[in-house]
>>> print(open('target.cif').read())   # mmCIF, C-alpha atoms
data_target
loop_
_atom_site.group_PDB
_atom_site.id
_atom_site.type_symbol
_atom_site.label_atom_id
_atom_site.label_comp_id
_atom_site.auth_asym_id
_atom_site.auth_seq_id
_atom_site.Cartn_x
_atom_site.Cartn_y
_atom_site.Cartn_z
ATOM 1 C CA MET W 1 -10.483 16.943 25.202
ATOM 2 C CA GLU W 2 -10.777 17.572 21.455
ATOM 3 C CA PHE W 3 -7.263 19.044 21.374
ATOM 4 C CA LEU W 4 -5.844 15.972 23.138
ATOM 5 C CA LEU W 5 -7.696 13.542 20.858
ATOM 6 C CA GLU W 6 -6.636 15.534 17.801
ATOM 7 C CA ASN W 7 -2.993 15.327 18.877
ATOM 8 C CA ILE W 8 -3.189 11.587 19.634
ATOM 9 C CA LEU W 9 -4.890 10.943 16.287
ATOM 10 C CA ASN W 10 -2.337 12.921 14.306
ATOM 11 C CA LEU W 11 0.631 11.372 16.100
ATOM 12 C CA VAL W 12 -0.740 7.823 15.715
ATOM 13 C CA GLY W 13 -1.533 8.547 12.059
ATOM 14 C CA PHE W 14 1.954 9.898 11.466
ATOM 15 C CA LEU W 15 3.660 6.902 13.139
ATOM 16 C CA VAL W 16 1.443 4.190 11.601
ATOM 17 C CA GLY W 17 1.754 5.775 8.136
ATOM 18 C CA LEU W 18 5.520 6.075 8.528
ATOM 19 C CA ALA W 19 5.936 2.470 9.740
ATOM 20 C CA ILE W 20 3.837 0.968 6.922
ATOM 21 C CA GLY W 21 5.457 3.343 4.404
ATOM 22 C CA ILE W 22 8.979 2.261 5.421
ATOM 23 C CA MET W 23 7.946 -1.397 5.261
ATOM 24 C CA SER W 24 6.449 -0.914 1.779
ATOM 25 C CA MET W 25 9.574 0.939 0.637
ATOM 26 C CA ARG W 26 11.829 -1.902 1.823
ATOM 27 C CA GLY W 27 9.579 -4.308 -0.050
ATOM 28 C CA PHE W 28 9.749 -2.179 -3.198
ATOM 29 C CA ARG W 29 13.548 -1.894 -2.998
ATOM 30 C CA ASN W 30 13.907 -5.666 -2.615
ATOM 31 C CA THR W 31 11.359 -6.852 -5.139
ATOM 32 C CA GLY W 32 10.767 -3.881 -7.484
ATOM 33 C CA SER W 33 7.019 -4.476 -7.242
ATOM 34 C CA PRO W 34 4.885 -1.545 -8.545
ATOM 35 C CA THR W 35 2.154 -2.449 -6.029
ATOM 36 C CA LEU W 36 4.591 -1.917 -3.161
ATOM 37 C CA PHE W 37 5.696 1.375 -4.750
ATOM 38 C CA ARG W 38 2.077 2.593 -4.766
ATOM 39 C CA LEU W 39 1.685 1.519 -1.126
ATOM 40 C CA THR W 40 4.906 3.396 -0.283
ATOM 41 C CA VAL W 41 3.571 6.611 -1.843
ATOM 42 C CA ALA W 42 0.180 6.051 -0.181
ATOM 43 C CA PHE W 43 1.439 5.585 3.355
ATOM 44 C CA PHE W 44 4.136 8.255 3.177
ATOM 45 C CA SER W 45 1.446 10.684 1.990
ATOM 46 C CA ILE W 46 -0.874 9.667 4.829
ATOM 47 C CA SER W 47 1.992 10.031 7.312
ATOM 48 C CA ILE W 48 2.988 13.482 5.999
ATOM 49 C CA GLY W 49 -0.670 14.586 6.009
ATOM 50 C CA PHE W 50 -1.116 13.698 9.680
ATOM 51 C CA PHE W 51 2.262 15.275 10.508
ATOM 52 C CA VAL W 52 1.305 18.582 8.832
ATOM 53 C CA ILE W 53 -1.876 18.840 10.915
ATOM 54 C CA TRP W 54 -0.035 17.810 14.105
ATOM 55 C CA ALA W 55 2.699 20.404 13.441
ATOM 56 C CA GLY W 56 -0.027 22.988 12.779
ATOM 57 C CA TYR W 57 -1.596 22.292 16.178
ATOM 58 C CA MET W 58 1.794 22.401 17.913
ATOM 59 C CA ILE W 59 2.769 25.705 16.280
ATOM 60 C CA GLU W 60 -0.623 27.165 17.139
ATOM 61 C CA ASP W 61 -0.412 25.956 20.748
ATOM 62 C CA PHE W 62 3.169 26.940 21.543
ATOM 63 C CA VAL W 63 3.978 29.802 19.142
ATOM 64 C CA ILE W 64 0.929 31.615 17.732
ATOM 65 C CA LYS W 65 -1.484 30.869 20.618
ATOM 66 C CA SER W 66 -4.521 32.138 18.700
ATOM 67 C CA GLY W 67 -6.797 29.351 19.957
ATOM 68 C CA ASN W 68 -7.536 27.991 16.472
ATOM 69 C CA ILE W 69 -5.375 26.111 14.001
ATOM 70 C CA GLU W 70 -4.828 27.925 10.692
ATOM 71 C CA ARG W 71 -7.531 26.624 8.359
ATOM 72 C CA TRP W 72 -5.173 26.286 5.366
ATOM 73 C CA ILE W 73 -2.820 24.020 7.359
ATOM 74 C CA GLN W 74 -5.694 21.688 8.240
ATOM 75 C CA THR W 75 -6.835 21.706 4.605
ATOM 76 C CA LEU W 76 -3.293 21.034 3.348
ATOM 77 C CA GLY W 77 -2.936 18.045 5.713
ATOM 78 C CA ILE W 78 -6.282 16.611 4.609
ATOM 79 C CA VAL W 79 -5.394 17.080 0.907
ATOM 80 C CA ILE W 80 -2.084 15.202 1.396
ATOM 81 C CA GLN W 81 -3.904 12.403 3.254
ATOM 82 C CA THR W 82 -6.468 12.192 0.444
ATOM 83 C CA ILE W 83 -3.617 11.660 -2.041
ATOM 84 C CA GLY W 84 -2.515 8.717 0.123
ATOM 85 C CA TYR W 85 -6.043 7.263 0.218
ATOM 86 C CA PHE W 86 -6.198 7.680 -3.563
ATOM 87 C CA PHE W 87 -3.088 5.527 -4.026
ATOM 88 C CA ILE W 88 -4.552 2.797 -1.772
ATOM 89 C CA ALA W 89 -7.721 2.799 -3.870
ATOM 90 C CA PHE W 90 -5.646 3.064 -7.095
ATOM 91 C CA SER W 91 -3.758 -0.084 -6.073
ATOM 92 C CA HIS W 92 -7.104 -1.856 -6.297
ATOM 93 C CA SER W 93 -7.268 -0.754 -9.942
ATOM 94 C CA ILE W 94 -9.756 2.063 -10.092
ATOM 95 C CA LYS W 95 -10.594 1.932 -13.757
ATOM 96 C CA SER W 96 -13.261 4.590 -13.998
ATOM 97 C CA PHE W 97 -12.168 7.106 -11.405
ATOM 98 C CA PHE W 98 -11.549 9.941 -13.860
ATOM 99 C CA PRO W 99 -14.344 10.930 -16.257
ATOM 100 C CA ARG W 100 -13.585 9.904 -19.854
ATOM 101 C CA SER W 101 -15.171 12.968 -21.416
ATOM 102 C CA ARG W 102 -12.807 15.937 -21.963
ATOM 103 C CA TYR W 103 -15.705 18.307 -21.125
ATOM 104 C CA PHE W 104 -16.264 16.750 -17.696
ATOM 105 C CA ARG W 105 -12.515 16.744 -16.997
ATOM 106 C CA THR W 106 -12.421 20.482 -17.720
ATOM 107 C CA ILE W 107 -15.385 21.486 -15.587
ATOM 108 C CA GLY W 108 -14.280 19.043 -12.882
ATOM 109 C CA ILE W 109 -11.455 21.398 -11.921
ATOM 110 C CA PHE W 110 -13.549 24.582 -11.780
ATOM 111 C CA PRO W 111 -15.322 24.052 -8.457
ATOM 112 C CA LEU W 112 -11.944 24.104 -6.673
ATOM 113 C CA PHE W 113 -11.458 27.752 -7.733
ATOM 114 C CA LEU W 114 -14.933 28.811 -6.681
ATOM 115 C CA VAL W 115 -15.026 27.607 -3.090
ATOM 116 C CA SER W 116 -13.364 28.735 0.134
ATOM 117 C CA SER W 117 -10.733 26.687 1.975
ATOM 118 C CA VAL W 118 -13.400 25.410 4.402
ATOM 119 C CA GLN W 119 -15.420 24.035 1.504
ATOM 120 C CA ILE W 120 -12.288 22.566 -0.072
ATOM 121 C CA GLU W 121 -11.692 20.732 3.197
ATOM 122 C CA HIS W 122 -15.243 19.332 3.014
ATOM 123 C CA ILE W 123 -14.733 18.259 -0.576
ATOM 124 C CA PHE W 124 -11.510 16.421 0.242
ATOM 125 C CA ARG W 125 -13.061 14.820 3.328
ATOM 126 C CA SER W 126 -15.866 13.429 1.193
ATOM 127 C CA VAL W 127 -13.395 12.259 -1.484
ATOM 128 C CA SER W 128 -11.361 10.569 1.278
ATOM 129 C CA PHE W 129 -14.521 8.869 2.503
ATOM 130 C CA ILE W 130 -15.282 7.470 -0.957
ATOM 131 C CA LEU W 131 -11.706 6.264 -1.504
ATOM 132 C CA LEU W 132 -11.515 4.656 1.947
ATOM 133 C CA ALA W 133 -14.903 2.966 1.547
ATOM 134 C CA TYR W 134 -13.772 1.648 -1.865
ATOM 135 C CA GLY W 135 -10.504 0.368 -0.368
ATOM 136 C CA ALA W 136 -12.369 -1.321 2.511
ATOM 137 C CA ILE W 137 -14.814 -3.070 0.154
ATOM 138 C CA GLU W 138 -12.056 -4.265 -2.201
ATOM 139 C CA THR W 139 -9.981 -5.532 0.724
ATOM 140 C CA ILE W 140 -12.847 -7.503 2.240
ATOM 141 C CA LEU W 141 -13.628 -8.943 -1.221
ATOM 142 C CA SER W 142 -10.013 -10.109 -1.458
ATOM 143 C CA TYR W 143 -10.483 -11.834 1.908
ATOM 144 C CA PHE W 144 -13.295 -13.932 0.431
ATOM 145 C CA GLU W 145 -10.871 -15.024 -2.325
ATOM 146 C CA ASN W 146 -7.708 -15.628 -0.277
ATOM 147 C CA LYS W 147 -9.027 -16.164 3.287
ATOM 148 C CA ASN W 148 -6.112 -14.128 4.593
ATOM 149 C CA LYS W 149 -7.165 -13.036 8.101
ATOM 150 C CA GLY W 150 -4.898 -9.953 7.982
ATOM 151 C CA ALA W 151 -7.138 -8.570 5.228
ATOM 152 C CA ILE W 152 -10.092 -8.460 7.669
ATOM 153 C CA SER W 153 -8.149 -6.221 10.033
ATOM 154 C CA VAL W 154 -7.031 -3.919 7.198
ATOM 155 C CA ALA W 155 -10.590 -3.785 5.824
ATOM 156 C CA ILE W 156 -11.937 -2.904 9.288
ATOM 157 C CA GLY W 157 -9.190 -0.271 9.632
ATOM 158 C CA LEU W 158 -10.073 1.345 6.302
ATOM 159 C CA ALA W 159 -13.804 1.144 7.087
ATOM 160 C CA LEU W 160 -13.277 2.829 10.485
ATOM 161 C CA LEU W 161 -11.181 5.559 8.849
ATOM 162 C CA ALA W 162 -13.999 6.056 6.306
ATOM 163 C CA LEU W 163 -16.603 6.259 9.082
ATOM 164 C CA GLY W 164 -14.367 8.671 10.998
ATOM 165 C CA GLU W 165 -14.039 10.876 7.902
ATOM 166 C CA PHE W 166 -17.792 10.832 7.417
ATOM 167 C CA LEU W 167 -18.522 11.770 11.044
ATOM 168 C CA GLY W 168 -15.781 14.409 10.944
ATOM 169 C CA TRP W 169 -17.421 15.941 7.898
ATOM 170 C CA TYR W 170 -20.908 15.624 9.446
ATOM 171 C CA SER W 171 -19.750 17.317 12.679
ATOM 172 C CA PHE W 172 -19.581 20.618 10.758
ATOM 173 C CA VAL W 173 -23.383 20.459 10.693
ATOM 174 C CA PHE W 174 -23.516 20.018 14.487
ATOM 175 C CA PRO W 175 -20.361 21.831 15.664
ATOM 176 C CA GLU W 176 -21.098 21.692 19.404
ATOM 177 C CA SER W 177 -21.898 17.969 19.497
ATOM 178 C CA ILE W 178 -19.711 15.055 20.520
ATOM 179 C CA LEU W 179 -19.495 13.926 16.874
ATOM 180 C CA TYR W 180 -15.997 15.292 16.209
ATOM 181 C CA SER W 181 -14.504 13.551 19.274
ATOM 182 C CA VAL W 182 -16.239 10.305 18.305
ATOM 183 C CA SER W 183 -14.906 10.705 14.758
ATOM 184 C CA MET W 184 -11.332 11.090 16.010
ATOM 185 C CA SER W 185 -11.631 8.110 18.394
ATOM 186 C CA ILE W 186 -12.938 5.943 15.538
ATOM 187 C CA LYS W 187 -10.074 7.052 13.283
ATOM 188 C CA ILE W 188 -7.503 6.183 15.982
ATOM 189 C CA GLY W 189 -9.127 2.720 16.221
ATOM 190 C CA GLY W 190 -8.957 2.433 12.412
ATOM 191 C CA LEU W 191 -5.251 3.259 12.301
ATOM 192 C CA ILE W 192 -4.500 0.669 15.009
ATOM 193 C CA ALA W 193 -6.531 -1.983 13.130
ATOM 194 C CA LEU W 194 -4.566 -1.106 9.980
ATOM 195 C CA PHE W 195 -1.263 -1.636 11.747
ATOM 196 C CA ILE W 196 -2.051 -4.943 13.566
ATOM 197 C CA PRO W 197 -1.521 -7.381 10.629
ATOM 198 C CA VAL W 198 1.427 -5.411 9.286
ATOM 199 C CA SER W 199 3.180 -5.565 12.670
ATOM 200 C CA LYS W 200 3.111 -9.379 12.472
ATOM 201 C CA ILE W 201 5.266 -9.519 9.328
ATOM 202 C CA PRO W 202 8.636 -11.037 10.379
ATOM 203 C CA LEU W 203 10.926 -8.494 8.746
ATOM 204 C CA THR W 204 13.877 -9.265 11.002
ATOM 205 C CA LYS W 205 14.454 -12.612 9.272
ATOM 206 C CA ILE W 206 15.116 -10.972 5.921
ATOM 207 C CA LYS W 207 18.652 -10.118 4.931
ATOM 208 C CA PHE W 208 18.239 -7.075 2.721
ATOM 209 C CA ASP W 209 20.560 -6.976 -0.217
ATOM 210 C CA ASP W 210 21.030 -3.548 -1.823
ATOM 211 C CA ASN W 211 22.387 -5.139 -5.013
ATOM 212 C CA LEU W 212 18.953 -6.571 -5.791
ATOM 213 C CA GLU W 213 17.412 -3.207 -6.647
ATOM 214 C CA MET A 1 -11.696 -19.265 -13.660
ATOM 215 C CA VAL A 2 -8.218 -18.509 -15.072
ATOM 216 C CA GLU A 3 -5.946 -16.876 -12.496
ATOM 217 C CA TYR A 4 -3.995 -13.877 -13.772
ATOM 218 C CA ARG A 5 -0.343 -14.032 -12.674
ATOM 219 C CA THR A 6 1.764 -10.930 -12.389
ATOM 220 C CA HIS A 7 5.334 -10.826 -13.733
ATOM 221 C CA MET A 8 6.534 -10.921 -10.131
ATOM 222 C CA LYS A 9 4.458 -14.038 -9.405
ATOM 223 C CA ILE A 10 5.960 -15.829 -12.435
ATOM 224 C CA ILE A 11 9.476 -14.951 -11.236
ATOM 225 C CA GLY A 12 8.522 -16.254 -7.773
ATOM 226 C CA ASP A 13 7.251 -19.514 -9.330
ATOM 227 C CA ILE A 14 10.469 -20.000 -11.338
ATOM 228 C CA LEU A 15 12.707 -19.308 -8.348
ATOM 229 C CA SER A 16 10.699 -21.544 -6.017
ATOM 230 C CA THR A 17 10.883 -24.378 -8.593
ATOM 231 C CA THR A 18 14.666 -24.043 -8.806
ATOM 232 C CA ARG A 19 14.874 -24.058 -5.005
ATOM 233 C CA ASP A 20 12.337 -26.667 -3.901
ATOM 234 C CA ASP A 21 11.461 -28.806 -6.881
ATOM 235 C CA LEU A 22 14.663 -29.680 -8.769
ATOM 236 C CA GLN A 23 15.032 -32.729 -11.016
ATOM 237 C CA ASP A 24 18.625 -33.313 -9.874
ATOM 238 C CA GLU A 25 21.526 -31.608 -8.092
ATOM 239 C CA GLU A 26 22.725 -29.822 -11.220
ATOM 240 C CA GLY A 27 19.561 -27.794 -11.718
ATOM 241 C CA ALA A 28 16.428 -27.583 -13.817
ATOM 242 C CA THR A 29 16.239 -27.602 -17.609
ATOM 243 C CA VAL A 30 14.286 -24.954 -19.526
ATOM 244 C CA THR A 31 11.708 -27.569 -20.549
ATOM 245 C CA TYR A 32 11.160 -28.551 -16.923
ATOM 246 C CA LEU A 33 10.781 -24.903 -15.872
ATOM 247 C CA ILE A 34 8.337 -24.232 -18.725
ATOM 248 C CA ARG A 35 6.174 -27.114 -17.505
ATOM 249 C CA LYS A 36 6.365 -26.088 -13.840
ATOM 250 C CA ALA A 37 5.962 -22.330 -14.351
ATOM 251 C CA ASN A 38 3.424 -22.821 -17.146
ATOM 252 C CA ILE A 39 4.653 -20.127 -19.555
ATOM 253 C CA SER A 40 5.851 -19.979 -23.156
ATOM 254 C CA HIS A 41 9.435 -20.685 -24.248
ATOM 255 C CA SER A 42 10.046 -17.170 -25.573
ATOM 256 C CA ARG A 43 8.817 -15.566 -22.365
ATOM 257 C CA ILE A 44 10.728 -17.850 -20.008
ATOM 258 C CA SER A 45 13.920 -17.348 -22.064
ATOM 259 C CA ARG A 46 13.750 -13.587 -21.509
ATOM 260 C CA ILE A 47 12.996 -14.005 -17.802
ATOM 261 C CA LEU A 48 15.794 -16.561 -17.293
ATOM 262 C CA LYS A 49 18.266 -14.266 -19.048
ATOM 263 C CA THR A 50 17.294 -11.418 -16.715
ATOM 264 C CA LEU A 51 17.421 -13.605 -13.589
ATOM 265 C CA VAL A 52 20.891 -14.899 -14.523
ATOM 266 C CA SER A 53 22.167 -11.376 -15.276
ATOM 267 C CA GLN A 54 20.789 -10.179 -11.905
ATOM 268 C CA GLY A 55 22.568 -13.036 -10.121
ATOM 269 C CA LEU A 56 19.377 -14.671 -8.853
ATOM 270 C CA LEU A 57 19.902 -17.837 -10.908
ATOM 271 C CA GLU A 58 23.093 -19.690 -11.854
ATOM 272 C CA GLN A 59 23.400 -21.173 -15.326
ATOM 273 C CA VAL A 60 25.158 -24.553 -15.454
ATOM 274 C CA ASP A 61 26.338 -26.199 -18.700
ATOM 275 C CA THR A 62 25.913 -29.961 -18.465
ATOM 276 C CA GLN A 63 26.244 -32.404 -21.329
ATOM 277 C CA GLY A 64 25.460 -29.816 -23.947
ATOM 278 C CA SER A 65 22.334 -28.436 -22.250
ATOM 279 C CA ASN A 66 21.770 -25.484 -19.973
ATOM 280 C CA LYS A 67 20.447 -26.025 -16.488
ATOM 281 C CA TYR A 68 19.429 -23.437 -13.922
ATOM 282 C CA ARG A 69 19.734 -23.451 -10.147
ATOM 283 C CA ILE A 70 19.036 -20.803 -7.554
ATOM 284 C CA SER A 71 21.889 -18.676 -6.161
ATOM 285 C CA GLN A 72 22.255 -17.338 -2.615
ATOM 286 C CA SER A 73 20.928 -13.932 -3.802
ATOM 287 C CA GLY A 74 18.018 -15.774 -5.378
ATOM 288 C CA ARG A 75 17.202 -17.471 -2.076
ATOM 289 C CA GLU A 76 17.260 -14.103 -0.283
ATOM 290 C CA PHE A 77 15.088 -12.563 -2.998
ATOM 291 C CA LEU A 78 12.606 -15.437 -2.720
ATOM 292 C CA GLN A 79 12.420 -15.022 1.062
ATOM 293 C CA ALA A 80 11.773 -11.277 0.620
ATOM 294 C CA TYR A 81 9.209 -12.093 -2.095
ATOM 295 C CA TYR A 82 7.249 -14.417 0.236
ATOM 296 C CA THR A 83 7.372 -11.914 3.104
ATOM 297 C CA PHE A 84 6.125 -9.012 1.009
ATOM 298 C CA THR A 85 3.523 -11.177 -0.697
ATOM 299 C CA THR A 86 2.026 -11.731 2.763
ATOM 300 C CA PHE A 87 2.361 -8.006 3.446
ATOM 301 C CA ALA A 88 0.518 -7.094 0.222
ATOM 302 C CA ASP A 89 -2.087 -9.848 0.825
ATOM 303 C CA ASN A 90 -3.074 -8.045 4.017
ATOM 304 C CA PHE A 91 -4.104 -5.082 1.844
ATOM 305 C CA GLY A 92 -5.917 -7.366 -0.576
ATOM 306 C CA LEU A 93 -3.212 -6.776 -3.198
ATOM 307 C CA THR A 94 -0.773 -8.905 -5.190
ATOM 308 C CA ILE A 95 2.838 -7.855 -5.736
#
>>> encode(input="target.cif", output="structure tokens")
Amino acid sequence: MEFLLENILNLVGFLVGLAIGIMSMRGFRNTGSPTLFRLTVAFFSISIGFFVIWAGYMIEDFVIKSGNIERWIQTLGIVIQTIGYFFIAFSHSIKSFFPRSRYFRTIGIFPLFLVSSVQIEHIFRSVSFILLAYGAIETILSYFENKNKGAISVAIGLALLALGEFLGWYSFVFPESILYSVSMSIKIGGLIALFIPVSKIPLTKIKFDDNLE
Amino acid sequence: MVEYRTHMKIIGDILSTTRDDLQDEEGATVTYLIRKANISHSRISRILKTLVSQGLLEQVDTQGSNKYRISQSGREFLQAYYTFTTFADNFGLTI
């Protein structure tokens, strides 16, 4: 059950990320907007992150057959996804994300050398949670300003992804519980909610002109 | 509260004025565009120069004054601009 859900989640994540990434890239190429460039990087990163984990599961299932995905592959996928979540949050102008003090910047890197790959995965899951929660809050705030209904769906999508990350991280505390499956189901729901408003954009009406780059 | 407009939004405002809100068939004068787009003369001059060089606006000389009207590329750009503004709005962002 978990294996099936994991595969569905990673495939949906890969496809949704790719679709939104391609759409953002077309927008960037046609308008030159830096916001669309950041969204392109964000969603391509998210797509690649999900693909890495999916490929890891496939290789494990059909080639290695050890019964467990290589931990470093899972960690790598999560790190790449976190980069994508960072760019979504960064698009909302995170002004105080990095500590100003040089001392804190220096010691901020150290913990990454002192922990195992499992702990690194936990760290990046929690960072992802913070970035996704930030993105969800900023998006819903923008809804109150613009009353754009699509923003509600995106905010719900980001919030569900954040909740899924949190439950996924929490399931390490209760490894035999249903929490991990619930986390994956919630994340699949979040990705679908993220894609709904984007799928309504009428791209077919636009004649793309390469000379406008 | 004063609304902050991005460079892209100002370009969108100028192009939409030259498409939908022209004084006459020949195009819009710089003074008219300054009033409609609500920006300074020095800034709009730079933007107009860029838009003309990119082929988004056409410059027409009439009776000793320059007028601007939107080109076909400009219309396509404006359509793409509106589409991707909606796209970015969904993420709570402005392009």
>>> residues_around(input="target.cif", residues="Ala162 in chain W", least_positions_apart="5", cutoff="10 Å", atoms="all atoms listed in the file", output="list of chain:residue names")
W:Arg125, W:Ser126, W:Val127, W:Ser128, W:Phe129, W:Ile130, W:Leu131, W:Leu132, W:Ala133, W:Tyr134, W:Gly135, W:Ala136, W:Ile156, W:Gly157, W:Leu167, W:Gly168, W:Ser183, W:Ile186, W:Lys187, W:Gly190
>>> closest_residue(input="target.cif", among="A:His41, A:Arg75, A:Lys49, A:Lys67", to="chain W", atoms="all atoms listed in the file")
A:Arg75
>>> interface_residues(input="target.cif", of="chain W", to="chain A", cutoff="6 Å", atoms="all atoms listed in the file", output="ChimeraX atom specification")
/W:27,33,35,139,142,150-151
>>> write_last_selection(input="target.cif", atoms="C-alpha atoms", output="PDB file, keeping the file's coordinate frame")
ATOM      1  CA  GLY W  27       9.579  -4.308  -0.050  1.00  0.00           C
ATOM      2  CA  SER W  33       7.019  -4.476  -7.242  1.00  0.00           C
ATOM      3  CA  THR W  35       2.154  -2.449  -6.029  1.00  0.00           C
ATOM      4  CA  THR W 139      -9.981  -5.532   0.724  1.00  0.00           C
ATOM      5  CA  SER W 142     -10.013 -10.109  -1.458  1.00  0.00           C
ATOM      6  CA  GLY W 150      -4.898  -9.953   7.982  1.00  0.00           C
ATOM      7  CA  ALA W 151      -7.138  -8.570   5.228  1.00  0.00           C
TER       8      ALA W 151
END
>>> residues_around(input="target.cif", residues="Glu58 in chain A", least_positions_apart="4", cutoff="8 Å", atoms="only C-alpha atoms", output="list of chain:residue names")
A:Val52, A:Tyr68, A:Arg69, A:Ile70, A:Ser71
>>> closest_residue(input="target.cif", among="A:Leu15, A:Ile10, A:Arg5, A:Tyr32", to="Asn66 in chain A", atoms="all atoms listed in the file")
A:Tyr32
>>> atom_distance(input="target.cif", atom1="CA of Arg19 in chain A", atom2="CA of Pro34 in chain W")
24.9 Å
>>> residues_around(input="target.cif", residues="Asn7 in chain W", least_positions_apart="5", cutoff="9 Å", atoms="all atoms listed in the file", output="VMD selection string")
chain W and resid 2 12 53 to 54 57 to 58
>>> atom_distance(input="target.cif", atom1="CA of Met25 in chain W", atom2="CA of Arg38 in chain W")
9.4 Å
>>> atom_distance(input="target.cif", atom1="CA of Thr62 in chain A", atom2="CA of Ile44 in chain A")
19.5 Å
>>> resolve_selection(input="target.cif", expression="the PyMOL selection byres ((chain W and resi 55) around 10)", output="count of residues only")
18
>>> resolve_selection(input="target.cif", expression="the PyMOL selection byres ((chain W and resi 196) around 12)", output="PyMOL selection string")
(chain W and resi 16+19-20+149-157+189-195+197-201) or (chain A and resi 87+90-91)
>>> resolve_selection(input="target.cif", expression="the PyMOL selection byres ((chain W and resi 91) around 8)", output="PyMOL selection string")
(chain W and resi 35+38-39+87-90+92-94) or (chain A and resi 93)
>>> write_last_selection(input="target.cif", atoms="C-alpha atoms", output="short mmCIF file (atom, residue, chain, number, x, y, z; two decimals), in the coordinates of the input")
data_model
loop_
_atom_site.label_atom_id
_atom_site.label_comp_id
_atom_site.auth_asym_id
_atom_site.auth_seq_id
_atom_site.Cartn_x
_atom_site.Cartn_y
_atom_site.Cartn_z
CA THR W 35 2.15 -2.45 -6.03
CA ARG W 38 2.08 2.59 -4.77
CA LEU W 39 1.68 1.52 -1.13
CA PHE W 87 -3.09 5.53 -4.03
CA ILE W 88 -4.55 2.80 -1.77
CA ALA W 89 -7.72 2.80 -3.87
CA PHE W 90 -5.65 3.06 -7.10
CA HIS W 92 -7.10 -1.86 -6.30
CA SER W 93 -7.27 -0.75 -9.94
CA ILE W 94 -9.76 2.06 -10.09
CA LEU A 93 -3.21 -6.78 -3.20
#
